[in-house]
$ cat data37.pdb   # PDB, C-alpha atoms
ATOM      1  CA  MET A 285      89.475  86.834 153.913
ATOM      2  CA  MET A 286      87.392  84.623 151.613
ATOM      3  CA  HIS A 287      85.128  87.541 150.748
ATOM      4  CA  ARG A 288      88.150  89.700 149.880
ATOM      5  CA  ASN A 289      89.612  86.994 147.634
ATOM      6  CA  ILE A 290      86.336  86.636 145.723
ATOM      7  CA  LYS A 291      86.230  90.431 145.251
ATOM      8  CA  GLN A 292      89.797  90.463 143.921
ATOM      9  CA  ILE A 293      89.172  87.562 141.524
ATOM     10  CA  THR A 294      85.965  89.182 140.264
ATOM     11  CA  PHE A 295      87.820  92.459 139.699
ATOM     12  CA  ILE A 296      90.582  90.730 137.672
ATOM     13  CA  ILE A 297      88.044  88.851 135.531
ATOM     14  CA  ILE A 298      85.903  91.945 134.859
ATOM     15  CA  LEU A 299      88.974  94.031 133.983
ATOM     16  CA  SER A 300      90.244  91.284 131.644
ATOM     17  CA  THR A 301      86.839  91.021 129.976
ATOM     18  CA  LEU A 302      86.719  94.771 129.365
ATOM     19  CA  LEU A 303      90.252  94.779 127.938
ATOM     20  CA  GLY A 304      89.411  91.756 125.776
ATOM     21  CA  LEU A 305      86.343  93.523 124.403
ATOM     22  CA  ALA A 306      88.442  96.629 123.731
ATOM     23  CA  ARG A 307      90.925  94.409 121.838
ATOM     24  CA  PHE A 308      88.012  93.047 119.824
ATOM     25  CA  TYR A 309      86.912  96.589 118.968
ATOM     26  CA  PHE A 310      90.374  97.483 117.685
ATOM     27  CA  LEU A 311      90.832  94.177 115.854
ATOM     28  CA  LYS A 312      88.450  95.229 113.069
ATOM     29  CA  ASP A 313      88.331  91.805 111.422
ATOM     30  CA  ASN A 314      84.978  91.064 109.810
ATOM     31  CA  ASP A 315      85.520  87.302 110.001
ATOM     32  CA  PHE A 316      86.219  87.329 113.724
ATOM     33  CA  ASN A 317      83.002  87.594 115.754
ATOM     34  CA  LEU A 318      82.470  87.424 119.496
ATOM     35  CA  ILE A 319      80.347  84.306 119.018
ATOM     36  CA  LYS A 320      82.210  81.931 116.741
ATOM     37  CA  GLU A 321      80.141  80.259 114.079
ATOM     38  CA  VAL A 322      80.436  76.529 113.643
ATOM     39  CA  ARG A 323      81.767  75.830 110.178
ATOM     40  CA  VAL A 324      79.742  73.353 108.150
ATOM     41  CA  LEU A 325      81.164  72.339 104.793
ATOM     42  CA  GLN A 326      78.789  71.521 101.970
ATOM     43  CA  VAL A 327      78.567  67.815 101.244
ATOM     44  CA  THR A 328      79.059  66.417  97.742
ATOM     45  CA  GLU A 329      76.037  64.365  96.667
ATOM     46  CA  ALA A 330      76.057  61.331  94.389
ATOM     47  CA  GLU A 331      74.220  61.379  91.066
ATOM     48  CA  VAL A 332      72.818  58.407  89.175
ATOM     49  CA  SER A 333      74.266  57.776  85.727
ATOM     50  CA  ASP A 334      72.300  56.493  82.704
ATOM     51  CA  SER A 335      73.431  52.964  83.503
ATOM     52  CA  GLY A 336      71.990  53.283  86.999
ATOM     53  CA  SER A 337      75.282  53.386  88.876
ATOM     54  CA  GLU A 338      76.203  56.133  91.343
ATOM     55  CA  ILE A 339      78.634  58.741  90.095
ATOM     56  CA  PHE A 340      80.165  61.809  91.666
ATOM     57  CA  ILE A 341      80.720  64.991  89.679
ATOM     58  CA  ILE A 342      83.067  67.750  90.775
ATOM     59  CA  PRO A 343      81.112  71.013  91.043
ATOM     60  CA  GLN A 344      82.222  73.533  88.416
ATOM     61  CA  PHE A 345      82.749  76.540  90.666
ATOM     62  CA  MET A 346      83.541  75.805  94.277
ATOM     63  CA  THR A 347      83.491  78.734  96.684
ATOM     64  CA  GLU A 348      85.152  76.825  99.529
ATOM     65  CA  PRO A 349      86.463  73.306 100.211
ATOM     66  CA  MET A 350      83.682  70.704 100.237
ATOM     67  CA  MET A 351      83.059  67.708 102.455
ATOM     68  CA  ALA A 352      83.710  64.302 100.871
ATOM     69  CA  SER A 353      81.805  61.226 102.059
ATOM     70  CA  LEU A 354      83.362  57.770 102.253
ATOM     71  CA  GLU A 355      81.582  56.855  99.005
ATOM     72  CA  PHE A 356      82.880  59.973  97.235
ATOM     73  CA  THR A 357      86.414  59.293  98.451
ATOM     74  CA  LYS A 358      86.339  55.630  97.380
ATOM     75  CA  TYR A 359      84.864  56.597  94.011
ATOM     76  CA  PHE A 360      87.820  58.888  93.218
ATOM     77  CA  PHE A 361      90.291  56.436  94.762
ATOM     78  CA  ASP A 362      89.092  53.747  92.338
ATOM     79  CA  LYS A 363      89.117  56.159  89.394
ATOM     80  CA  LYS A 364      92.683  57.156  90.355
ATOM     81  CA  ASN A 365      92.038  60.755  89.394
ATOM     82  CA  ALA A 366      92.415  62.431  92.766
ATOM     83  CA  ILE A 367      95.446  63.207  94.867
ATOM     84  CA  PHE A 368      95.083  62.070  98.459
ATOM     85  CA  VAL A 369      96.751  64.308 100.999
ATOM     86  CA  ASP A 370      97.350  63.180 104.579
ATOM     87  CA  ALA A 371      97.417  66.228 106.882
ATOM     88  CA  ARG A 372      98.609  64.330 109.962
ATOM     89  CA  GLU A 373     102.117  64.268 111.370
ATOM     90  CA  SER A 374     104.758  62.306 109.438
ATOM     91  CA  GLU A 375     105.168  59.785 112.289
ATOM     92  CA  GLU A 376     101.444  58.959 112.071
ATOM     93  CA  PHE A 377     101.623  58.871 108.271
ATOM     94  CA  GLU A 378     104.471  56.338 108.383
ATOM     95  CA  ILE A 379     102.437  53.974 110.551
ATOM     96  CA  SER A 380      99.517  53.852 108.114
ATOM     97  CA  HIS A 381      97.932  55.954 105.379
ATOM     98  CA  ILE A 382      95.579  55.643 102.421
ATOM     99  CA  THR A 383      97.410  53.899  99.595
ATOM    100  CA  GLY A 384      99.123  56.404  97.334
ATOM    101  CA  ALA A 385      98.550  59.382  99.642
ATOM    102  CA  ILE A 386     101.164  62.082 100.046
ATOM    103  CA  ASN A 387     101.942  63.601 103.440
ATOM    104  CA  ILE A 388     101.722  67.327 104.114
ATOM    105  CA  PRO A 389     101.397  67.786 107.902
ATOM    106  CA  PHE A 390      99.294  70.891 108.467
ATOM    107  CA  ASP A 391     101.370  71.970 111.447
ATOM    108  CA  TYR A 392     104.498  72.196 109.282
ATOM    109  CA  TYR A 393     103.028  72.906 105.869
ATOM    110  CA  ASP A 394     105.460  75.821 105.388
ATOM    111  CA  GLU A 395     108.253  73.277 105.164
ATOM    112  CA  TYR A 396     106.375  71.436 102.399
ATOM    113  CA  MET A 397     105.893  74.466 100.157
ATOM    114  CA  ASP A 398     108.012  72.934  97.384
ATOM    115  CA  VAL A 399     105.702  69.887  97.359
ATOM    116  CA  ILE A 400     102.576  72.066  97.375
ATOM    117  CA  ASP A 401     103.936  74.285  94.605
ATOM    118  CA  SER A 402     104.659  71.227  92.448
ATOM    119  CA  LEU A 403     100.954  70.239  92.477
ATOM    120  CA  LYS A 404      98.622  71.265  89.652
ATOM    121  CA  TYR A 405      95.993  73.808  90.649
ATOM    122  CA  ASP A 406      93.180  72.038  88.732
ATOM    123  CA  ASP A 407      93.771  68.521  90.126
ATOM    124  CA  VAL A 408      91.271  67.018  92.550
ATOM    125  CA  PHE A 409      92.595  66.966  96.111
ATOM    126  CA  ILE A 410      91.054  64.868  98.863
ATOM    127  CA  ILE A 411      92.555  65.837 102.193
ATOM    128  CA  TYR A 412      92.122  63.708 105.295
ATOM    129  CA  CYS A 413      93.433  63.411 108.836
ATOM    130  CA  SER A 414      92.303  61.407 111.873
ATOM    131  CA  GLY A 415      88.666  62.417 111.323
ATOM    132  CA  GLY A 416      86.198  63.221 114.100
ATOM    133  CA  GLU A 417      88.065  65.321 116.622
ATOM    134  CA  SER A 418      90.814  66.502 114.300
ATOM    135  CA  SER A 419      90.508  69.646 112.172
ATOM    136  CA  LEU A 420      93.904  69.326 110.462
ATOM    137  CA  SER A 421      92.317  68.364 107.120
ATOM    138  CA  ILE A 422      89.971  71.392 107.111
ATOM    139  CA  ASP A 423      92.853  73.689 108.078
ATOM    140  CA  LEU A 424      95.047  72.322 105.275
ATOM    141  CA  ALA A 425      92.119  72.484 102.832
ATOM    142  CA  ASP A 426      91.832  76.202 103.614
ATOM    143  CA  VAL A 427      95.519  76.621 102.739
ATOM    144  CA  PHE A 428      95.057  74.714  99.469
ATOM    145  CA  PHE A 429      91.875  76.520  98.485
ATOM    146  CA  GLY A 430      92.416  79.953 100.010
ATOM    147  CA  ASP A 431      96.157  80.588  99.915
ATOM    148  CA  LYS A 432      97.212  78.442  96.962
ATOM    149  CA  ALA A 433      94.005  78.856  94.899
ATOM    150  CA  PHE A 434      93.615  75.158  94.066
ATOM    151  CA  GLU A 435      90.208  74.686  92.476
ATOM    152  CA  ASN A 436      88.973  71.272  93.620
ATOM    153  CA  VAL A 437      89.632  70.715  97.289
ATOM    154  CA  PHE A 438      87.694  68.176  99.353
ATOM    155  CA  VAL A 439      87.875  67.132 102.984
ATOM    156  CA  PHE A 440      87.277  63.461 103.709
ATOM    157  CA  GLU A 441      85.293  63.829 106.893
ATOM    158  CA  GLY A 442      85.761  60.305 108.266
ATOM    159  CA  GLY A 443      89.521  60.411 107.807
ATOM    160  CA  LEU A 444      91.766  57.389 108.114
ATOM    161  CA  PRO A 445      89.659  55.648 110.829
ATOM    162  CA  ALA A 446      86.577  55.537 108.530
ATOM    163  CA  TRP A 447      88.742  54.326 105.621
ATOM    164  CA  GLN A 448      90.279  51.570 107.737
ATOM    165  CA  GLU A 449      86.902  50.569 109.155
ATOM    166  CA  ALA A 450      85.617  50.075 105.606
ATOM    167  CA  LYS A 451      88.718  47.890 105.027
ATOM    168  CA  TYR A 452      89.822  49.977 102.051
ATOM    169  CA  PRO A 453      93.481  49.866 100.957
ATOM    170  CA  THR A 454      96.120  51.345 103.215
ATOM    171  CA  GLU A 455      99.880  51.008 103.244
TER     172      GLU A 455
ATOM    173  CA  MET B 137     113.091  72.703 151.132
ATOM    174  CA  MET B 138     114.363  74.115 154.441
ATOM    175  CA  VAL B 139     117.774  74.734 152.825
ATOM    176  CA  LEU B 140     116.096  76.634 149.987
ATOM    177  CA  MET B 141     113.947  78.568 152.456
ATOM    178  CA  LYS B 142     117.069  79.579 154.387
ATOM    179  CA  LYS B 143     118.910  80.682 151.277
ATOM    180  CA  TYR B 144     116.174  82.357 149.234
ATOM    181  CA  ASN B 145     112.980  84.300 149.700
ATOM    182  CA  LEU B 146     110.932  81.596 147.932
ATOM    183  CA  PRO B 147     107.578  83.450 147.765
ATOM    184  CA  LEU B 148     109.204  86.525 146.197
ATOM    185  CA  LEU B 149     111.215  84.425 143.747
ATOM    186  CA  SER B 150     108.084  82.452 142.812
ATOM    187  CA  ARG B 151     106.110  85.655 142.266
ATOM    188  CA  PHE B 152     108.703  87.059 139.863
ATOM    189  CA  ILE B 153     109.144  83.811 137.915
ATOM    190  CA  LEU B 154     105.382  83.218 137.600
ATOM    191  CA  GLY B 155     104.682  86.864 136.811
ATOM    192  CA  ALA B 156     107.286  86.973 134.052
ATOM    193  CA  VAL B 157     106.026  83.684 132.566
ATOM    194  CA  PHE B 158     102.386  84.864 132.566
ATOM    195  CA  ILE B 159     103.233  88.227 131.001
ATOM    196  CA  TYR B 160     105.394  86.575 128.328
ATOM    197  CA  ALA B 161     102.691  83.960 127.616
ATOM    198  CA  SER B 162     100.006  86.618 127.183
ATOM    199  CA  LEU B 163     101.728  88.891 124.659
ATOM    200  CA  ASP B 164     101.558  86.718 121.533
ATOM    201  CA  LYS B 165      97.928  85.798 122.263
ATOM    202  CA  ILE B 166      96.881  89.415 122.787
ATOM    203  CA  ALA B 167      98.551  90.306 119.489
ATOM    204  CA  ASP B 168      96.826  87.480 117.579
ATOM    205  CA  PRO B 169      93.535  86.343 119.177
ATOM    206  CA  ILE B 170      92.423  84.786 115.868
ATOM    207  CA  ALA B 171      95.287  82.276 115.890
ATOM    208  CA  PHE B 172      94.776  81.655 119.611
ATOM    209  CA  SER B 173      91.091  80.928 118.981
ATOM    210  CA  THR B 174      92.157  78.236 116.475
ATOM    211  CA  ASN B 175      94.491  76.808 119.116
ATOM    212  CA  ILE B 176      91.534  76.571 121.513
ATOM    213  CA  ASP B 177      89.419  74.870 118.799
ATOM    214  CA  ASN B 178      92.052  72.153 118.541
ATOM    215  CA  TYR B 179      91.518  71.093 122.149
ATOM    216  CA  HIS B 180      87.922  70.069 121.300
ATOM    217  CA  ILE B 181      86.819  70.656 124.872
ATOM    218  CA  THR B 182      84.862  73.915 124.765
ATOM    219  CA  PRO B 183      81.873  74.728 122.538
ATOM    220  CA  ILE B 184      83.186  76.367 119.330
ATOM    221  CA  ALA B 185      80.825  79.320 119.911
ATOM    222  CA  ILE B 186      82.710  80.568 122.990
ATOM    223  CA  ASN B 187      86.266  80.091 121.703
ATOM    224  CA  ASN B 188      86.644  83.583 120.229
ATOM    225  CA  LEU B 189      85.473  85.120 123.489
ATOM    226  CA  ALA B 190      87.893  82.928 125.439
ATOM    227  CA  ALA B 191      90.712  83.871 123.035
ATOM    228  CA  LEU B 192      90.029  87.552 123.728
ATOM    229  CA  ILE B 193      89.724  87.330 127.531
ATOM    230  CA  ILE B 194      92.210  84.623 128.686
ATOM    231  CA  PRO B 195      95.377  86.459 127.487
ATOM    232  CA  TRP B 196      94.341  89.592 129.392
ATOM    233  CA  VAL B 197      93.694  87.505 132.519
ATOM    234  CA  GLU B 198      97.239  86.155 132.135
ATOM    235  CA  LEU B 199      98.716  89.638 131.658
ATOM    236  CA  ILE B 200      96.903  91.117 134.665
ATOM    237  CA  LEU B 201      97.816  88.105 136.813
ATOM    238  CA  GLY B 202     101.449  88.516 135.759
ATOM    239  CA  LEU B 203     101.416  92.193 136.711
ATOM    240  CA  CYS B 204      99.653  91.485 140.024
ATOM    241  CA  LEU B 205     102.170  88.770 140.914
ATOM    242  CA  ILE B 206     105.154  90.999 140.195
ATOM    243  CA  THR B 207     103.804  94.139 141.864
ATOM    244  CA  GLY B 208     102.136  92.337 144.758
ATOM    245  CA  VAL B 209      98.786  94.046 144.119
ATOM    246  CA  LEU B 210      95.675  91.874 144.729
ATOM    247  CA  LEU B 211      98.128  89.060 145.511
ATOM    248  CA  ASP B 212      95.749  86.620 147.229
ATOM    249  CA  GLY B 213      93.109  86.791 144.509
ATOM    250  CA  ALA B 214      95.773  86.678 141.785
ATOM    251  CA  SER B 215      97.486  83.606 143.230
ATOM    252  CA  ILE B 216      94.161  81.737 143.616
ATOM    253  CA  LEU B 217      93.202  82.579 140.020
ATOM    254  CA  THR B 218      96.700  81.563 138.842
ATOM    255  CA  MET B 219      96.299  78.168 140.546
ATOM    256  CA  ALA B 220      92.834  77.706 139.005
ATOM    257  CA  LEU B 221      94.104  78.656 135.551
ATOM    258  CA  LEU B 222      97.088  76.300 135.797
ATOM    259  CA  VAL B 223      94.890  73.396 136.956
ATOM    260  CA  PHE B 224      92.641  74.128 133.955
ATOM    261  CA  PHE B 225      95.638  74.204 131.570
ATOM    262  CA  ILE B 226      96.993  70.919 132.975
ATOM    263  CA  PHE B 227      93.553  69.341 132.579
ATOM    264  CA  ILE B 228      92.946  70.452 128.977
ATOM    265  CA  ILE B 229      96.414  69.497 127.710
ATOM    266  CA  SER B 230      96.242  66.146 129.532
ATOM    267  CA  GLN B 231      92.810  65.277 128.160
ATOM    268  CA  ALA B 232      93.982  66.137 124.631
ATOM    269  CA  TYR B 233      97.075  63.973 125.126
ATOM    270  CA  VAL B 234      95.061  61.026 126.438
ATOM    271  CA  ARG B 235      92.574  61.330 123.549
ATOM    272  CA  GLY B 236      95.470  61.110 121.083
ATOM    273  CA  ILE B 237      95.097  64.671 119.818
ATOM    274  CA  SER B 238      98.419  66.162 118.692
ATOM    275  CA  LEU B 239      98.366  69.918 118.959
ATOM    276  CA  ASN B 240     100.285  73.094 119.374
ATOM    277  CA  CYS B 241      99.054  74.045 122.855
ATOM    278  CA  GLY B 242      99.323  77.782 122.116
ATOM    279  CA  CYS B 243     100.750  78.175 125.608
ATOM    280  CA  PHE B 244     103.423  80.710 124.685
ATOM    281  CA  LYS B 245     103.233  81.138 120.915
ATOM    282  CA  THR B 246     100.085  80.912 118.840
ATOM    283  CA  ALA B 247     101.999  79.653 115.764
ATOM    284  CA  VAL B 248     103.844  76.339 115.655
ATOM    285  CA  ASP B 249     107.607  76.600 115.912
ATOM    286  CA  PRO B 250     108.927  74.964 112.691
ATOM    287  CA  GLY B 251     111.904  73.624 114.635
ATOM    288  CA  LEU B 252     109.639  71.769 117.034
ATOM    289  CA  GLY B 253     110.157  68.054 116.541
ATOM    290  CA  ASP B 254     107.318  66.246 118.220
ATOM    291  CA  LEU B 255     104.057  67.920 119.238
ATOM    292  CA  ARG B 256     103.101  65.140 121.658
ATOM    293  CA  GLN B 257     106.428  65.338 123.436
ATOM    294  CA  ASP B 258     105.963  69.098 123.617
ATOM    295  CA  MET B 259     102.518  68.557 125.192
ATOM    296  CA  LEU B 260     104.075  66.366 127.915
ATOM    297  CA  TRP B 261     106.693  69.044 128.542
ATOM    298  CA  ARG B 262     103.948  71.702 128.869
ATOM    299  CA  ILE B 263     102.085  69.555 131.406
ATOM    300  CA  PHE B 264     105.290  69.171 133.419
ATOM    301  CA  GLU B 265     105.956  72.931 133.194
ATOM    302  CA  ASP B 266     102.433  73.779 134.337
ATOM    303  CA  ILE B 267     102.755  71.438 137.320
ATOM    304  CA  LEU B 268     105.967  73.284 138.290
ATOM    305  CA  PHE B 269     104.224  76.652 137.877
ATOM    306  CA  LEU B 270     101.327  75.361 139.979
ATOM    307  CA  GLY B 271     103.856  74.576 142.707
ATOM    308  CA  LEU B 272     105.146  78.155 142.507
ATOM    309  CA  ALA B 273     101.588  79.524 142.708
ATOM    310  CA  VAL B 274     100.978  77.423 145.849
ATOM    311  CA  ILE B 275     104.137  78.914 147.383
ATOM    312  CA  VAL B 276     102.872  82.426 146.580
ATOM    313  CA  TYR B 277      99.440  81.803 148.115
ATOM    314  CA  PHE B 278     100.861  80.165 151.255
ATOM    315  CA  ARG B 279     103.708  82.698 151.412
ATOM    316  CA  ASP B 280     103.576  82.963 155.193
ATOM    317  CA  VAL B 281     104.458  79.282 155.489
ATOM    318  CA  PHE B 282     107.281  79.480 152.922
ATOM    319  CA  ARG B 283     108.756  82.751 154.142
ATOM    320  CA  ARG B 284     112.562  82.873 154.441
ATOM    321  CA  VAL B 285     113.846  81.172 157.563
ATOM    322  CA  LYS B 286     116.448  83.247 159.397
TER     323      LYS B 286
END

$ encode --input "data37.pdb" --output "structure tokens"
Amino acid sequence: MMHRNIKQITFIIILSTLLGLARFYFLKDNDFNLIKEVRVLQVTEAEVSDSGSEIFIIPQFMTEPMMASLEFTKYFFDKKNAIFVDARESEEFEISHITGAINIPFDYYDEYMDVIDSLKYDDVFIIYCSGGESSLSIDLADVFFGDKAFENVFVFEGGLPAWQEAKYPTE
Amino acid sequence: MMVLMKKYNLPLLSRFILGAVFIYASLDKIADPIAFSTNIDNYHITPIAINNLAALIIPWVELILGLCLITGVLLDGASILTMALLVFFIFIISQAYVRGISLNCGCFKTAVDPGLGDLRQDMLWRIFEDILFLGLAVIVYFRDVFRRVK
């Protein structure tokens, strides 16, 4: 009985694997590989100005969204020349968010198309979510950079928890 | 339970319900394994490297299980695998819920339904659903016990 069950389960799994591989063959998508590559975004590095202070410069030609450190994010927050985008759900946004941030939940970004279309393509966008486990900010950054062709898109890797831990302004 | 067992053929009913649910759940994922792979990423429980492979194989397991349950072919093996899969689904959605991750589970549709109000509430509903389905799978496996009482 037990032996028969194991044989049946093995048969179902092997058949599913073969059908899955056949589906992969017919998918013909160059970006979709059997072994998924871990995506690592390039980090923006600080430069030292003539006066000795740290400055951050937006790269001229970005080929994909870049990772923003806490220092980078605070630098542009203080300069007030970046638009902060919160990719979390609106309920989470209402509880707390980076001061001045706008909310475009990645899961419903289609509903926010009028907001996205009203943004300027050459502005600097720093997108964040809950950091760590969450990939909402990277997913939304791909929409901004890939689908909407915005030029300067950054993902704040630490997200709201890192911002709050540093005791930077929230509302 | 005895009343239900007198009135209905519970194992047969369970097989058809579970089979239909598994076939329906598999179709969207088979059509779009790329989106399903992203759904799996969002659970943050499996190594990223294996998520594409899982997104290709799991929907076919669901489809074959659905067909086996409805036709009665390989029924013992299919019902054991169904139980194992449902326990796994309950575990991964629960752990995501407890860790505060809000996600589209990708259980039936790989894309988020725009009309869906609250993802976390939806996750709780999916856990509840899977527990019900697990109950049906137990009835199928122990079908001799639950057979219709004359």

$ resolve_selection --input "data37.pdb" --expression "the PyMOL selection byres ((chain A and resi 355) around 10)" --output "list in words"
Thr328, Glu329, Ala330, Glu338, Ile339, Phe340, Ala352, Ser353, Leu354, Phe356, Thr357, Lys358, Tyr359, Phe360, Phe361 and Phe440 of chain A

$ resolve_selection --input "data37.pdb" --expression "the PyMOL selection byres ((chain A) within 9 of (chain B))" --output "PyMOL selection string"
chain A and resi 288-294+296-297+299-305+307-308+311+316-322+372-373+391-392+394-395+417-420

$ residues_around --input "data37.pdb" --residues "region 442-449 of chain A" --least-positions-apart "3" --cutoff "6 Å" --atoms "all atoms listed in the file" --output "mmCIF file with C-alpha atoms, in the coordinates of the input"
data_model
loop_
_atom_site.group_PDB
_atom_site.id
_atom_site.type_symbol
_atom_site.label_atom_id
_atom_site.label_comp_id
_atom_site.auth_asym_id
_atom_site.auth_seq_id
_atom_site.Cartn_x
_atom_site.Cartn_y
_atom_site.Cartn_z
ATOM 1 C CA TYR A 412 92.122 63.708 105.295
ATOM 2 C CA CYS A 413 93.433 63.411 108.836
ATOM 3 C CA SER A 414 92.303 61.407 111.873
ATOM 4 C CA GLY A 415 88.666 62.417 111.323
ATOM 5 C CA TYR A 452 89.822 49.977 102.051
#

$ axis_aligned_box --input "data37.pdb" --around "region 192-211 of chain B" --padding-each-side "6 Å" --output "lines of an AutoDock Vina configuration file"
center_x = 97.4
center_y = 89.4
center_z = 134.6
size_x = 27.4
size_y = 21.5
size_z = 33.8

$ residues_around --input "data37.pdb" --residues "Asp280 (chain B)" --least-positions-apart "2" --cutoff "12 Å" --atoms "all atoms listed in the file" --output "short mmCIF file (atom, residue, chain, number, x, y, z; two decimals) with C-alpha atoms, in the frame of the given file"
data_model
loop_
_atom_site.label_atom_id
_atom_site.label_comp_id
_atom_site.auth_asym_id
_atom_site.auth_seq_id
_atom_site.Cartn_x
_atom_site.Cartn_y
_atom_site.Cartn_z
CA MET B 141 113.95 78.57 152.46
CA ASN B 145 112.98 84.30 149.70
CA LEU B 146 110.93 81.60 147.93
CA PRO B 147 107.58 83.45 147.76
CA LEU B 148 109.20 86.52 146.20
CA ASP B 212 95.75 86.62 147.23
CA VAL B 274 100.98 77.42 145.85
CA ILE B 275 104.14 78.91 147.38
CA VAL B 276 102.87 82.43 146.58
CA TYR B 277 99.44 81.80 148.12
CA PHE B 278 100.86 80.17 151.26
CA PHE B 282 107.28 79.48 152.92
CA ARG B 283 108.76 82.75 154.14
CA ARG B 284 112.56 82.87 154.44
CA VAL B 285 113.85 81.17 157.56
#

$ atom_distance --input "data37.pdb" --atom1 "CA of Val139 (chain B)" --atom2 "CA of Leu222 (chain B)"
26.8 Å

$ atom_distance --input "data37.pdb" --atom1 "CA of Phe264 (chain B)" --atom2 "CA of Asp423 (chain A)"
28.6 Å

$ atom_distance --input "data37.pdb" --atom1 "CA of Leu272 (chain B)" --atom2 "CA of Tyr144 (chain B)"
13.6 Å

$ closest_residue --input "data37.pdb" --among "A:Ser333, A:Ile342, A:Ala450, A:Leu424" --to "Asn436 (chain A)" --atoms "all atoms listed in the file"
A:Ile342

$ resolve_selection --input "data37.pdb" --expression "the PyMOL selection byres ((chain B and resi 229) around 8)" --output "list in words"
Tyr179, Phe225, Ile226, Phe227, Ile228, Ser230, Gln231, Ala232, Tyr233, Cys241, Met259, Arg262 and Ile263 of chain B

$ residues_around --input "data37.pdb" --residues "Leu154 (chain B)" --least-positions-apart "6" --cutoff "8 Å" --atoms "all atoms listed in the file" --output "count of residues only"
5

$ residues_around --input "data37.pdb" --residues "Ala366 (chain A)" --least-positions-apart "6" --cutoff "7 Å" --atoms "all atoms listed in the file" --output "list of chain:residue names"
A:Phe360, A:Asp407, A:Val408, A:Phe409, A:Ile410

$ residues_around --input "data37.pdb" --residues "Tyr393 (chain A)" --least-positions-apart "3" --cutoff "9 Å" --atoms "all atoms listed in the file" --output "JSON, numbers by chain"
{"A": [371, 388, 389, 390, 396, 397, 400, 424, 427]}
